[in-house]
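K.L.:
Enclosed is the structure file final-v9.txt (compact mmCIF, C-alpha atoms and all ligand atoms).
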```txt
# COMPACT_ATOMS: atom_id res chain seq x y z
CA MET A 1 19.61 36.68 7.49
CA SER A 2 19.59 32.89 7.32
CA HIS A 3 22.59 31.39 9.10
CA THR A 4 23.60 27.91 7.98
CA HIS A 5 24.27 25.52 10.86
CA ILE A 6 27.36 23.40 10.30
CA THR A 7 29.40 21.96 13.12
CA THR A 8 32.80 23.10 11.77
CA SER A 9 34.33 26.25 13.22
CA PRO A 10 33.02 29.44 11.58
CA ILE A 11 34.96 32.51 10.49
CA THR A 12 33.89 36.14 10.20
CA VAL A 13 35.33 38.29 7.42
CA LEU A 14 35.27 42.04 8.05
CA GLY A 15 35.45 44.02 4.79
CA ALA A 16 33.32 43.21 1.76
CA GLY A 17 35.46 44.62 -1.06
CA SER A 18 36.93 42.40 -3.75
CA TYR A 19 39.41 40.58 -1.53
CA GLY A 20 37.22 40.19 1.56
CA SER A 21 34.52 38.71 -0.67
CA ALA A 22 37.00 36.39 -2.41
CA LEU A 23 38.41 35.09 0.88
CA ALA A 24 34.90 34.63 2.29
CA ILE A 25 34.02 32.60 -0.82
CA ALA A 26 37.19 30.50 -0.39
CA PHE A 27 36.46 29.71 3.28
CA SER A 28 32.80 28.93 2.70
CA ARG A 29 33.62 26.83 -0.35
CA ASN A 30 35.75 24.71 1.97
CA GLY A 31 32.61 24.08 4.01
CA TYR A 32 33.16 26.54 6.86
CA PRO A 33 30.23 28.72 7.91
CA THR A 34 31.40 32.20 6.97
CA TYR A 35 29.98 35.58 7.95
CA LEU A 36 30.83 38.54 5.73
CA TRP A 37 30.40 42.07 7.09
CA GLY A 38 30.72 45.26 5.05
CA HIS A 39 30.49 48.82 6.35
CA ASP A 40 27.96 49.93 3.73
CA PRO A 41 24.44 48.58 4.50
CA LEU A 42 23.26 49.07 0.91
CA HIS A 43 26.22 47.07 -0.42
CA CYS A 44 25.43 44.30 2.14
CA GLU A 45 21.81 44.30 1.04
CA ARG A 46 22.89 43.81 -2.58
CA LEU A 47 25.32 41.02 -1.64
CA SER A 48 22.55 39.35 0.29
CA THR A 49 19.88 39.51 -2.40
CA GLU A 50 22.13 38.86 -5.42
CA ARG A 51 24.24 36.18 -3.68
CA GLN A 52 27.32 37.46 -5.48
CA ASN A 53 29.59 40.53 -5.39
CA ARG A 54 28.46 41.83 -8.76
CA GLN A 55 30.62 44.96 -8.52
CA PHE A 56 33.96 43.25 -7.92
CA LEU A 57 33.50 39.52 -8.64
CA PRO A 58 30.70 39.23 -11.18
CA ASP A 59 29.14 35.82 -11.83
CA ILE A 60 30.82 34.07 -8.91
CA ALA A 61 27.96 32.68 -6.85
CA PHE A 62 28.25 32.73 -3.06
CA PRO A 63 28.35 29.21 -1.58
CA GLU A 64 25.43 28.34 0.67
CA SER A 65 27.47 28.61 3.87
CA LEU A 66 28.39 32.25 3.17
CA ASN A 67 26.17 34.55 5.22
CA ILE A 68 26.05 38.32 4.79
CA GLU A 69 25.87 40.00 8.19
CA PRO A 70 25.43 43.81 8.11
CA ASP A 71 25.51 44.14 11.92
CA LEU A 72 29.11 44.38 13.13
CA GLY A 73 28.34 43.18 16.67
CA LYS A 74 26.47 40.11 15.40
CA ALA A 75 29.18 39.39 12.83
CA ILE A 76 31.82 39.39 15.59
CA GLN A 77 29.73 37.20 17.89
CA SER A 78 29.16 34.67 15.07
CA ALA A 79 32.74 33.36 15.08
CA ARG A 80 35.81 33.07 17.26
CA ASP A 81 38.12 33.89 14.35
CA LEU A 82 37.95 37.32 12.73
CA LEU A 83 39.59 37.99 9.36
CA ILE A 84 40.03 41.70 8.62
CA VAL A 85 40.24 42.68 4.93
CA VAL A 86 39.67 46.44 4.84
CA PRO A 87 42.05 48.90 3.14
CA SER A 88 44.99 50.01 5.30
CA HIS A 89 43.75 53.59 5.69
CA VAL A 90 40.71 52.39 7.69
CA PHE A 91 42.43 49.49 9.50
CA GLY A 92 42.89 51.38 12.79
CA GLU A 93 39.29 52.58 12.62
CA ILE A 94 38.04 48.98 12.27
CA ILE A 95 40.16 47.77 15.20
CA ALA A 96 38.61 50.52 17.35
CA LYS A 97 35.13 49.51 16.18
CA ILE A 98 35.55 45.80 16.92
CA LYS A 99 37.19 46.34 20.32
CA PRO A 100 33.98 46.72 22.39
CA HIS A 101 32.54 43.51 20.86
CA LEU A 102 35.52 41.24 21.50
CA ARG A 103 35.39 38.27 23.89
CA PRO A 104 38.53 36.75 25.46
CA GLU A 105 38.46 33.74 23.09
CA HIS A 106 38.58 35.79 19.87
CA ARG A 107 41.52 35.45 17.47
CA ILE A 108 42.41 38.00 14.81
CA VAL A 109 43.97 37.59 11.37
CA TRP A 110 44.24 40.24 8.69
CA ALA A 111 44.84 40.22 4.93
CA THR A 112 45.13 43.99 4.59
CA LYS A 113 48.39 44.94 2.89
CA GLY A 114 49.94 48.20 3.94
CA LEU A 115 51.34 50.42 6.63
CA GLU A 116 49.26 52.70 8.82
CA ARG A 117 48.36 55.95 7.06
CA ASP A 118 50.60 58.88 8.12
CA THR A 119 52.58 57.00 10.80
CA GLY A 120 54.04 54.18 8.66
CA ARG A 121 53.53 51.75 11.54
CA LEU A 122 53.02 48.05 10.88
CA LEU A 123 49.37 47.01 11.23
CA GLN A 124 50.44 44.63 14.01
CA GLU A 125 51.54 47.65 16.04
CA VAL A 126 48.15 49.25 15.42
CA VAL A 127 46.40 46.12 16.72
CA GLU A 128 48.66 45.74 19.74
CA GLU A 129 48.41 49.39 20.69
CA GLN A 130 44.61 49.22 20.75
CA LEU A 131 44.04 45.65 21.97
CA GLY A 132 47.19 44.76 23.89
CA ASN A 133 48.75 41.30 23.63
CA ARG A 134 45.83 39.16 24.74
CA TYR A 135 44.50 37.97 21.35
CA PRO A 136 46.30 35.49 19.08
CA LEU A 137 47.22 37.32 15.86
CA ALA A 138 48.10 36.25 12.33
CA VAL A 139 48.63 37.84 8.95
CA LEU A 140 47.80 36.46 5.47
CA SER A 141 49.74 37.79 2.50
CA GLY A 142 50.91 36.60 -0.89
CA PRO A 143 50.31 36.59 -4.64
CA THR A 144 46.53 36.40 -4.68
CA PHE A 145 44.41 38.39 -7.10
CA ALA A 146 40.87 38.34 -5.72
CA LYS A 147 39.27 37.40 -9.03
CA GLU A 148 41.48 34.35 -9.59
CA LEU A 149 41.06 33.19 -6.01
CA ALA A 150 37.27 33.57 -6.20
CA ALA A 151 37.21 31.75 -9.54
CA GLY A 152 38.90 28.78 -7.87
CA LEU A 153 42.12 29.08 -9.86
CA PRO A 154 45.23 27.61 -8.18
CA THR A 155 46.62 30.03 -5.59
CA ALA A 156 49.25 29.94 -2.84
CA ILE A 157 49.67 32.32 0.09
CA ALA A 158 51.77 32.85 3.23
CA LEU A 159 50.31 32.91 6.74
CA ALA A 160 52.44 34.22 9.58
CA SER A 161 51.70 34.00 13.28
CA HIS A 162 53.58 33.75 16.56
CA ASN A 163 50.80 31.45 17.77
CA GLU A 164 51.44 28.06 16.18
CA GLN A 165 48.07 26.60 17.12
CA PHE A 166 46.21 29.48 15.47
CA ALA A 167 48.42 29.25 12.37
CA LEU A 168 47.88 25.49 12.03
CA GLU A 169 44.12 25.76 12.46
CA LEU A 170 43.86 28.52 9.88
CA GLN A 171 46.12 26.65 7.50
CA ALA A 172 43.96 23.54 7.81
CA ARG A 173 40.86 25.52 6.96
CA ILE A 174 42.31 27.30 3.94
CA HIS A 175 44.53 24.54 2.68
CA CYS A 176 41.95 21.81 2.55
CA SER A 177 40.61 22.82 -0.84
CA LYS A 178 42.27 21.55 -3.99
CA HIS A 179 43.25 24.95 -5.33
CA PHE A 180 44.40 27.04 -2.34
CA ARG A 181 47.73 26.30 -0.65
CA VAL A 182 48.95 28.07 2.46
CA TYR A 183 52.54 28.13 3.70
CA ILE A 184 53.00 29.06 7.36
CA ASN A 185 55.87 30.81 9.09
CA ASN A 186 56.37 32.87 12.24
CA ASP A 187 57.80 36.04 10.65
CA MET A 188 54.87 38.42 11.02
CA LEU A 189 57.14 41.41 10.50
CA GLY A 190 58.58 40.15 7.21
CA VAL A 191 55.23 39.02 5.83
CA GLN A 192 53.66 42.39 6.60
CA LEU A 193 56.53 44.36 5.07
CA GLY A 194 56.61 42.21 1.93
CA GLY A 195 52.89 42.76 1.34
CA ALA A 196 53.07 46.49 1.98
CA ILE A 197 56.13 47.49 0.00
CA LYS A 198 55.61 45.35 -3.10
CA ASN A 199 52.76 47.75 -3.92
CA VAL A 200 55.23 50.64 -4.05
CA ILE A 201 57.61 48.79 -6.38
CA ALA A 202 54.63 47.73 -8.56
CA ILE A 203 53.81 51.41 -9.09
CA GLY A 204 57.41 51.81 -10.27
CA ALA A 205 57.11 48.84 -12.66
CA GLY A 206 53.88 50.35 -13.97
CA ILE A 207 55.50 53.75 -14.51
CA SER A 208 58.35 52.07 -16.36
CA ASP A 209 55.98 50.16 -18.65
CA GLY A 210 53.76 53.20 -19.10
CA MET A 211 56.78 55.13 -20.34
CA GLY A 212 57.46 52.41 -22.88
CA PHE A 213 60.51 50.94 -21.18
CA GLY A 214 60.82 47.24 -21.81
CA ALA A 215 61.12 43.92 -20.07
CA ASN A 216 64.74 44.60 -19.07
CA ALA A 217 63.78 47.67 -17.05
CA ARG A 218 60.77 45.96 -15.44
CA THR A 219 62.87 42.97 -14.40
CA ALA A 220 65.64 45.20 -13.04
CA LEU A 221 63.04 46.99 -10.90
CA ILE A 222 61.71 43.70 -9.56
CA THR A 223 65.20 42.43 -8.76
CA ARG A 224 66.45 45.63 -7.14
CA GLY A 225 63.01 46.06 -5.55
CA ILE A 226 63.28 42.80 -3.63
CA ALA A 227 66.81 43.84 -2.60
CA GLU A 228 65.57 47.05 -1.03
CA ILE A 229 62.54 45.43 0.62
CA THR A 230 64.88 42.83 2.13
CA ARG A 231 67.33 45.51 3.30
CA LEU A 232 64.57 47.32 5.15
CA GLY A 233 63.11 44.10 6.54
CA VAL A 234 66.42 42.81 7.87
CA ALA A 235 67.15 46.17 9.51
CA LEU A 236 63.79 45.94 11.29
CA GLY A 237 64.44 42.35 12.42
CA ALA A 238 62.68 40.23 9.76
CA ASN A 239 64.03 36.93 8.45
CA PRO A 240 65.62 37.51 5.01
CA ASN A 241 64.23 34.16 3.78
CA THR A 242 60.70 35.52 4.14
CA PHE A 243 61.35 37.88 1.23
CA MET A 244 62.07 34.94 -1.08
CA GLY A 245 58.64 33.52 -0.26
CA MET A 246 55.02 34.17 -1.17
CA SER A 247 54.78 37.52 0.58
CA GLY A 248 58.07 38.76 -0.86
CA LEU A 249 59.24 37.77 -4.31
CA GLY A 250 55.95 35.97 -5.05
CA ASP A 251 53.69 38.95 -4.56
CA LEU A 252 56.23 41.36 -6.03
CA VAL A 253 56.44 39.43 -9.32
CA LEU A 254 52.65 39.06 -9.51
CA THR A 255 51.95 42.71 -8.86
CA CYS A 256 54.72 44.08 -11.07
CA THR A 257 53.88 41.95 -14.09
CA ASP A 258 50.12 41.50 -14.41
CA ASN A 259 47.58 44.15 -15.33
CA GLN A 260 45.07 42.83 -12.81
CA SER A 261 47.17 44.78 -10.30
CA ARG A 262 45.70 48.16 -9.48
CA ASN A 263 49.07 49.45 -8.28
CA ARG A 264 50.71 48.48 -11.56
CA ARG A 265 47.86 49.98 -13.61
CA PHE A 266 48.06 53.17 -11.53
CA GLY A 267 51.80 53.41 -12.29
CA MET A 268 51.21 52.76 -16.00
CA MET A 269 48.82 55.68 -16.18
CA LEU A 270 51.33 57.93 -14.41
CA GLY A 271 53.96 56.81 -16.91
CA GLN A 272 51.60 57.85 -19.71
CA GLY A 273 51.30 61.33 -18.22
CA ILE A 274 47.91 60.92 -16.49
CA THR A 275 47.61 62.62 -13.09
CA ALA A 276 47.50 60.55 -9.89
CA GLN A 277 43.95 61.65 -9.06
CA THR A 278 42.60 60.82 -12.54
CA ALA A 279 44.39 57.46 -12.45
CA MET A 280 42.85 56.58 -9.09
CA ASP A 281 39.39 57.71 -10.19
CA ASN A 282 39.77 55.57 -13.27
CA ILE A 283 40.69 52.48 -11.21
CA GLY A 284 37.85 53.07 -8.76
CA GLN A 285 39.26 50.71 -6.13
CA VAL A 286 41.88 50.95 -3.45
CA VAL A 287 45.46 51.66 -4.70
CA GLU A 288 47.33 50.81 -1.50
CA GLY A 289 50.75 51.77 -2.83
CA TYR A 290 49.85 55.42 -3.40
CA HIS A 291 49.87 56.57 0.24
CA ASN A 292 52.04 53.66 1.28
CA THR A 293 54.87 55.03 -0.85
CA ARG A 294 55.10 57.95 1.56
CA GLU A 295 54.83 55.70 4.60
CA ALA A 296 57.50 53.31 3.25
CA TYR A 297 59.77 56.23 2.40
CA LEU A 298 59.38 57.71 5.90
CA LEU A 299 59.96 54.31 7.50
CA ALA A 300 63.20 53.89 5.51
CA GLN A 301 64.29 57.40 6.49
CA ARG A 302 63.55 56.68 10.14
CA TYR A 303 65.84 53.62 10.08
CA GLY A 304 68.43 55.17 7.75
CA ILE A 305 67.88 52.48 5.07
CA GLU A 306 68.73 53.14 1.45
CA MET A 307 65.64 52.49 -0.73
CA PRO A 308 66.39 54.26 -4.02
CA ILE A 309 63.38 52.95 -6.00
CA THR A 310 60.95 53.82 -3.22
CA GLU A 311 62.58 57.24 -2.89
CA GLN A 312 62.20 58.03 -6.61
CA ILE A 313 58.56 56.91 -6.64
CA TYR A 314 57.97 59.07 -3.56
CA GLN A 315 59.43 62.04 -5.41
CA VAL A 316 57.23 61.38 -8.46
CA LEU A 317 54.06 61.01 -6.36
CA PHE A 318 54.60 63.70 -3.75
CA CYS A 319 57.34 66.09 -4.88
CA GLY A 320 56.34 66.82 -8.48
CA LYS A 321 59.32 65.03 -10.07
CA ASN A 322 58.54 63.71 -13.53
CA ALA A 323 58.89 60.01 -14.25
CA LYS A 324 61.69 60.45 -16.79
CA GLU A 325 63.83 62.35 -14.28
CA ALA A 326 63.21 59.60 -11.74
CA ALA A 327 64.37 56.94 -14.22
CA VAL A 328 67.49 58.98 -15.01
CA ALA A 329 68.19 59.39 -11.29
CA LEU A 330 67.98 55.61 -10.77
CA LEU A 331 70.16 54.79 -13.77
CA GLY A 332 72.66 57.49 -12.88
CA ARG A 333 73.37 56.24 -9.37
CA GLU A 334 76.98 55.49 -8.59
CA LYS A 335 78.36 52.15 -9.74
CA LYS A 336 78.07 49.40 -7.14
CA GLU A 337 78.40 45.69 -6.56
CA GLU A 338 75.38 43.43 -6.63
N1 LIG B 1 41.87 42.71 -4.42
C1 LIG B 1 42.91 41.91 -4.35
O1 LIG B 1 43.21 41.19 -5.31
C2 LIG B 1 43.72 41.84 -3.09
C3 LIG B 1 44.56 40.76 -2.91
C4 LIG B 1 45.33 40.68 -1.77
C5 LIG B 1 45.25 41.67 -0.80
N2 LIG B 1 44.41 42.71 -0.98
C6 LIG B 1 44.34 43.72 0.08
O2 LIG B 1 43.06 43.68 0.70
C7 LIG B 1 42.74 44.97 1.23
C8 LIG B 1 41.34 45.34 0.76
O3 LIG B 1 41.41 45.52 -0.63
P1 LIG B 1 40.24 45.19 -1.65
O4 LIG B 1 40.89 44.77 -2.90
O5 LIG B 1 39.22 44.30 -1.07
O6 LIG B 1 39.65 46.65 -1.84
P2 LIG B 1 38.43 47.12 -2.75
O7 LIG B 1 38.82 48.42 -3.33
O8 LIG B 1 37.96 46.03 -3.63
O9 LIG B 1 37.31 47.35 -1.66
C9 LIG B 1 37.57 48.17 -0.57
C10 LIG B 1 36.50 47.92 0.40
O10 LIG B 1 36.77 48.61 1.61
C11 LIG B 1 35.57 49.07 2.10
N3 LIG B 1 35.73 50.20 3.01
C12 LIG B 1 36.00 51.46 2.66
N4 LIG B 1 35.97 52.23 3.76
C13 LIG B 1 35.67 51.42 4.80
C14 LIG B 1 35.49 51.62 6.19
N5 LIG B 1 35.60 52.83 6.74
N6 LIG B 1 35.20 50.56 6.96
C15 LIG B 1 35.10 49.33 6.42
N7 LIG B 1 35.23 49.07 5.11
C16 LIG B 1 35.53 50.12 4.32
C17 LIG B 1 34.79 49.47 0.87
O11 LIG B 1 33.43 49.46 1.11
C18 LIG B 1 35.14 48.39 -0.12
O12 LIG B 1 34.21 47.36 -0.03
C19 LIG B 1 43.85 45.90 0.73
O13 LIG B 1 44.78 46.11 1.77
C20 LIG B 1 44.49 45.14 -0.42
O14 LIG B 1 45.85 45.48 -0.61
C21 LIG B 1 43.64 42.82 -2.09
O1 LIG B 2 45.63 45.05 -7.25
P1 LIG B 2 46.78 45.26 -6.30
O2 LIG B 2 47.92 45.95 -6.94
O3 LIG B 2 46.30 45.89 -5.02
O4 LIG B 2 47.33 43.81 -5.90
C1 LIG B 2 46.45 42.89 -5.36
C2 LIG B 2 47.15 41.87 -4.50
O5 LIG B 2 47.88 42.49 -3.47
C3 LIG B 2 47.98 40.91 -5.27
O6 LIG B 2 48.50 39.92 -4.41
```
Step by step, read the file and then write its structure as structure tokens.
Ligand SMILES: NC(=O)c1ccc[n+]([C@@H]2O[C@H](COP(=O)([O-])OP(=O)(O)OC[C@H]3O[C@@H](n4cnc5c(N)ncnc54)[C@H](O)[C@@H]3O)[C@@H](O)[C@H]2O)c1
Ligand SMILES: O=P(O)(O)OC[C@H](O)CO
P.N.:
Amino acid sequence: MSHTHITTSPITVLGAGSYGSALAIAFSRNGYPTYLWGHDPLHCERLSTERQNRQFLPDIAFPESLNIEPDLGKAIQSARDLLIVVPSHVFGEIIAKIKPHLRPEHRIVWATKGLERDTGRLLQEVVEEQLGNRYPLAVLSGPTFAKELAAGLPTAIALASHNEQFALELQARIHCSKHFRVYINNDMLGVQLGGAIKNVIAIGAGISDGMGFGANARTALITRGIAEITRLGVALGANPNTFMGMSGLGDLVLTCTDNQSRNRRFGMMLGQGITAQTAMDNIGQVVEGYHNTREAYLLAQRYGIEMPITEQIYQVLFCGKNAKEAAVALLGREKKEE
């Protein structure tokens, strides 16, 4: 592997799917030496020889300063800052794998959206349980389709960290390009919840559109969706303003309204009567909201928070309820104030 030598601070991206590749392209385009690791050696070999991610981001050439590194240990040693972009169901596994390679100066940021499979824990809890509190942490989340980001189309994102220095340094590295803006805040909890639960609501918007309901229904789901995400977030201690930002309303609108979203497309197929398994096979990429519907539902139950849309989607996905019954149940709820 040829590693480009530039004096600016490098970054290592762990996870070479569509989003990991897009973020690696964005960092390297800004002139930062970037190391991209993927768990599949054959996939890494292809990325390395073709200098593009043909499977997920065809025809977007890797900048010169983007290096493919198939060895996890070497990838981790190549940079102080590690950006994790694997799907949520393998997030804990990746933290366990990187742990033996970490040095005291490492800093960790993730762009994975979701809750831990089965437990419903925030990914921050997964990191802190395994690594303790010694590493600066941050989370990136917002309305960012990988293809548009990689194509250099204008994009904005939120970055949350309790470590201001880390947040400012990351912001400077992402923000310096002409098409990628990053807004920082210190509400890691809110930013993580916004990114995880918007996927659930997007499945609902997809189901609604798949059933032929119109723009009124979709917009009502978005509006009531942000209300229930905020209710959960505030109960857990998040700042309500966070949910009006990039990782709340921003990502919710994007994911509920555009067919680039896999969660929305998954919901649309369900609404057309296609089974969940066939829909996922058809999409062929991660549909974070599928399992995360159960985790979000269990989290809401644990805290006694009313999340009627999430609950109905949970019943459609895991309790055999049909989509029409779920819509009737939502519409038939008792009258209330906004
Ligand atoms: N694609 C987007 O537009 C986008 C945008 C924002 C956030 N995200 C989030 O980024 C995360 C990753 O999604 P994606 O879109 O890149 O997924 P993807 O479906 O494009 O790719 C998933 C990748 O995960 C890898 N993977 C699977 N098992 C693994 C393991 N055990 N260890 C390491 N890697 C493994 C696969 O090889 C594949 O490359 C998700 O949480 C998603 O919600 C995606
Ligand atoms: O394709 P989706 O539904 O996983 O959405 C991708 C991103 O999260 C959009 O910000």
K.L.:
How close does segment 271-320 of chain A get to segment 18-40 of chain A? List, as a Markdown table, each residue of segment 271-320 of chain A within 12 Å, its nearest atom pair and the distance in Å to one decimal, counting all atoms listed in the file.
P.N.:
```
| residue | atom | partner | partner_atom | distance |
| --- | --- | --- | --- | --- |
| A:Gly284 | CA | A:Ser18 | CA | 11.8 |
| A:Gln285 | CA | A:Ser18 | CA | 9.0 |
| A:Val286 | CA | A:Ser18 | CA | 9.9 |
```
K.L.:
Axis-aligned box over every listed atom of ligand LIG 2 (chain B), padded by 4 Å per side: centre and edges in Å to one decimal, as lines of an AutoDock Vina configuration file?
P.N.:
```
center_x = 47.1
center_y = 42.9
center_z = -5.4
size_x = 10.9
size_y = 14.0
size_z = 11.8
```
K.L.:
Taking only C-alpha atoms and all ligand atoms and a cut-off of 7 Å, can you tell me which residues surround ligand LIG 1 (chain B), written as a PyMOL selection string?
P.N.:
chain A and resi 15-20+38-40+56+85-88+90+93-94+111-114+141-142+144-147+285-286+288
K.L.:
Go through A:Ile157, A:Ala238, A:Ala215, A:Leu193 and flag the residue nearest ligand LIG 2 (chain B), using all atoms listed in the file for the distances.
P.N.:
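Looking at the shortest contact to ligand LIG 2 (chain B), the residue is A:Ile157.
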K.L.:
Using all atoms listed in the file, which of A:Arg294, A:Arg80, A:Lys336, A:Arg265 sits nearest ligand LIG 2 (chain B)?
P.N.:
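Closest to ligand LIG 2 (chain B) of all the choices is A:Arg265.
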K.L.:
Can segment 228-243 of chain A be brought up to N, CA and C atoms and written out as a PDB file, in the coordinates of the input?
P.N.:
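Contents of result_35.pdb, freshly written:
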```
ATOM      1  N   GLU A 228      65.776  45.974  -2.001  1.00  0.00           N
ATOM      2  CA  GLU A 228      65.570  47.050  -1.030  1.00  0.00           C
ATOM      3  C   GLU A 228      64.500  46.708   0.009  1.00  0.00           C
ATOM      4  N   ILE A 229      63.530  45.886  -0.372  1.00  0.00           N
ATOM      5  CA  ILE A 229      62.540  45.430   0.620  1.00  0.00           C
ATOM      6  C   ILE A 229      63.262  44.588   1.686  1.00  0.00           C
ATOM      7  N   THR A 230      64.145  43.709   1.211  1.00  0.00           N
ATOM      8  CA  THR A 230      64.880  42.830   2.130  1.00  0.00           C
ATOM      9  C   THR A 230      65.782  43.651   3.059  1.00  0.00           C
ATOM     10  N   ARG A 231      66.425  44.668   2.479  1.00  0.00           N
ATOM     11  CA  ARG A 231      67.330  45.510   3.300  1.00  0.00           C
ATOM     12  C   ARG A 231      66.555  46.160   4.443  1.00  0.00           C
ATOM     13  N   LEU A 232      65.394  46.692   4.112  1.00  0.00           N
ATOM     14  CA  LEU A 232      64.570  47.320   5.150  1.00  0.00           C
ATOM     15  C   LEU A 232      64.128  46.272   6.180  1.00  0.00           C
ATOM     16  N   GLY A 233      63.642  45.145   5.655  1.00  0.00           N
ATOM     17  CA  GLY A 233      63.110  44.100   6.540  1.00  0.00           C
ATOM     18  C   GLY A 233      64.163  43.598   7.516  1.00  0.00           C
ATOM     19  N   VAL A 234      65.359  43.336   7.004  1.00  0.00           N
ATOM     20  CA  VAL A 234      66.420  42.810   7.870  1.00  0.00           C
ATOM     21  C   VAL A 234      66.790  43.848   8.930  1.00  0.00           C
ATOM     22  N   ALA A 235      66.829  45.116   8.540  1.00  0.00           N
ATOM     23  CA  ALA A 235      67.150  46.170   9.510  1.00  0.00           C
ATOM     24  C   ALA A 235      66.109  46.235  10.622  1.00  0.00           C
ATOM     25  N   LEU A 236      64.860  45.897  10.286  1.00  0.00           N
ATOM     26  CA  LEU A 236      63.790  45.940  11.290  1.00  0.00           C
ATOM     27  C   LEU A 236      63.690  44.641  12.094  1.00  0.00           C
ATOM     28  N   GLY A 237      64.427  43.606  11.655  1.00  0.00           N
ATOM     29  CA  GLY A 237      64.440  42.350  12.420  1.00  0.00           C
ATOM     30  C   GLY A 237      63.730  41.187  11.742  1.00  0.00           C
ATOM     31  N   ALA A 238      63.364  41.335  10.459  1.00  0.00           N
ATOM     32  CA  ALA A 238      62.680  40.230   9.760  1.00  0.00           C
ATOM     33  C   ALA A 238      63.705  39.186   9.304  1.00  0.00           C
ATOM     34  N   ASN A 239      63.188  38.009   8.967  1.00  0.00           N
ATOM     35  CA  ASN A 239      64.030  36.930   8.450  1.00  0.00           C
ATOM     36  C   ASN A 239      64.205  37.139   6.935  1.00  0.00           C
ATOM     37  N   PRO A 240      65.447  37.246   6.443  1.00  0.00           N
ATOM     38  CA  PRO A 240      65.620  37.510   5.010  1.00  0.00           C
ATOM     39  C   PRO A 240      64.958  36.463   4.115  1.00  0.00           C
ATOM     40  N   ASN A 241      64.855  35.215   4.590  1.00  0.00           N
ATOM     41  CA  ASN A 241      64.230  34.160   3.780  1.00  0.00           C
ATOM     42  C   ASN A 241      62.765  34.466   3.456  1.00  0.00           C
ATOM     43  N   THR A 242      62.119  35.195   4.348  1.00  0.00           N
ATOM     44  CA  THR A 242      60.700  35.520   4.140  1.00  0.00           C
ATOM     45  C   THR A 242      60.519  36.239   2.801  1.00  0.00           C
ATOM     46  N   PHE A 243      61.506  37.060   2.429  1.00  0.00           N
ATOM     47  CA  PHE A 243      61.350  37.880   1.230  1.00  0.00           C
ATOM     48  C   PHE A 243      61.562  37.088  -0.063  1.00  0.00           C
TER      49      PHE A 243
END
```
